[in-house]
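Have a look at the structure below, then the notes.
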Amino acid sequence: MARIDVYLRSIERFGAAGAILTSGQAVTLRFPTGDRHATQVTHHDALVALVREIAPPMALDMIDRGQSSSFDMDSGNTSYTLTVNPQRGSWQVIIEPAEAPKASAAAPTPAAAAVPAPAAAPARQARAGTEVSAPPQEMPIERGQYAVPDNAGSTSGSFLFDQLTQAARQARASDVLIATGAPPAMRTMTGIQPIGDGRPMDAEAISREVGIVAPADVRAQWTETGQAIFTYGDGVGRVRATLTWDHRGPGATLRMLVGEPPAMDRIGIGREVSAWLEERGLILVAGPTGIGKTTTLAALVRQLGEAGKRVVTLEDPIEIIHVTSPWISQRALREHVPNLAEGVAYAMREGADAIVIGAVTSADGANAVIDCLNAGHLVLTTIATTKARHAVDQLVDLLPYDRRDLARAALDHGLLGSIAPIIKAGGRSFEVVVGRGG
């Protein structure tokens with residue numbers, strides 16, 4: 001079953017005049033008496049995969065250039081017109097019946113109508129001989145008072161990548177490693193282990209699977225510079241993909257992320273850290289790569305949003321999507337804001353209760369953190385280091401020499417504390433270091 005079938009069936013079952021699918025927003029069914037909304041959110045990655053599965057090549061070429069495109073498709077006795085309006089990071093798909101049901105065949109009752117899968121454009125399908133996982137068989141709007149189905153979720157469009165990431169999640173691995181001439185592998189607590197039958201992937205296969213999942217601008221950047229980063233959904237959670245080229249050919253590292261931010265108490269963050277969120281100052285989430293800094297930061301942001309705080313996050317790229325609060329504004333660098341400095345400046349002008357910088361990896365990031373701190377804001381960020389107690393030194397070392405003394409003075413009074421996730425065989429714990437402002 002194609003992804004679009006769920007929505008077409010809903011239109012037919014309820015006698016709707018059409019449907020509107022928008023990235024990151026609830027599905028809307030249109031009726032002469034007014035719109036009706038489901039609670040199911042259509043994630044951007046799922047919407048892109050839906051369009052790529054059914055759109056003809058000419059329409060896809062226009063969409064990849066950022067131009068609106070319309071095309072027709074048949075489903076049972078009904079023809080539909082789909083209009084795709086692509087914007088960076090947000091697409092809208094309008095589905096409308098193109099004509100009344102054909103009289104030549106007896107139409108089944110709406111409740112029993114079965115919608116055959118439309119033909120997919122051959123050039124945009126997943127790996128030959130495989131099937132792309134289907135979306136939920138019912139929309140929440142069809143299950144009583146907007147109940148969310150247990151199997152809700154999106155898939156990337158790449159059957160192979162979804163298999164790899166789901167196998168990695170089952171093994172509690174942090175990453176999937178893909179390299180030309182090598183079999184796919186995953187990084188676990190005990191080291192790098194192969195996934196599957198051990199057959200190596202060639203450059204063509206890697207490029208093909210990346211082409212299915214990655215947006216057009218990311219593919220262009222990867223081709224031009226040899227590097228690119230983006231995120232997508234695999235039906236279980238979010239995945240951060242880091243694309244590379246080396247002497248062998250294309251490669252990718254797929255980092256496993258949670259599908260939604262966890263609650264602080266569920267992952268074991270104590271009340272001591274929760275109290276910091278009521279203050280003004282700096283909270284550093286520290287630790288080495290793959291330890292869970294992104295998830296920990298997302299839990300803190302969720303707590304702020306649920307407390308009714310206005311939160312602005314600046315990320316590159318957006319990794320874990322927050323849907324629990326309308327007051328959390330997530331902004332991707334170069335997509336929603338031109339750069340980190342301007343993003344911080346506007347967040348401060350808006351009077352944000354908290355400003356979140358996804359990661360500090362450069363002098364620009366460290367300067368942005370200190371500027372927020374000096375302006376009297378609550379600021380949260382992550383930094384790569386081995387221990388929580390080393391986080392401040394790591395932050396200061398990123399700054400130019402002429403700013404380090406002023407930064408240390410600001411941190412002496414404004415650092416609320418550092419928190420570092422620790423993962424051992426027995427589970428997750430946290431190292432907490434209280435700052436002078438904590």
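Each chain in the structure tokens gets a letter, A, B, ..., in the order shown, and its residues are numbered from 1; ligands are numbered from 1 in order too.
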Checklist entry - So which residues of segment 140-279 of chain A fall under strand (DSSP E or B) by DSSP, listed as a PyMOL selection string? => result chain A and resi 175-180+185-188+191-194+201+227-233+238-245+250-257
Next on the checklist: I'd like the contact shell of Asp246 of chain A - 9 Å cut-off, only C-alpha atoms, skipping same-chain residues fewer than 4 positions apart - returned as a PyMOL selection string.
Outcome noted: chain A and resi 179-180+226+250-251
Using the selection just defined, write its residues with C-alpha atoms as a compact mmCIF listing (two decimals), in the first residue's frame.
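Okay, part.txt is ready:
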```txt
# COMPACT_ATOMS: atom_id res chain seq x y z
CA ALA A 179 31.28 3.08 3.76
CA THR A 180 32.05 2.18 0.15
CA GLY A 226 31.78 16.18 -0.06
CA PRO A 250 30.58 7.96 -0.62
CA GLY A 251 29.82 7.17 3.00
```
Checklist entry - Can you list, as JSON, numbers by chain, every protein, DNA or RNA residue that comes within 9 Å of Ser362 of chain A when you count only C-alpha atoms, leaving out same-chain residues fewer than 2 positions away? => result {"A": [360, 364, 365, 366, 367, 395, 398, 399]}
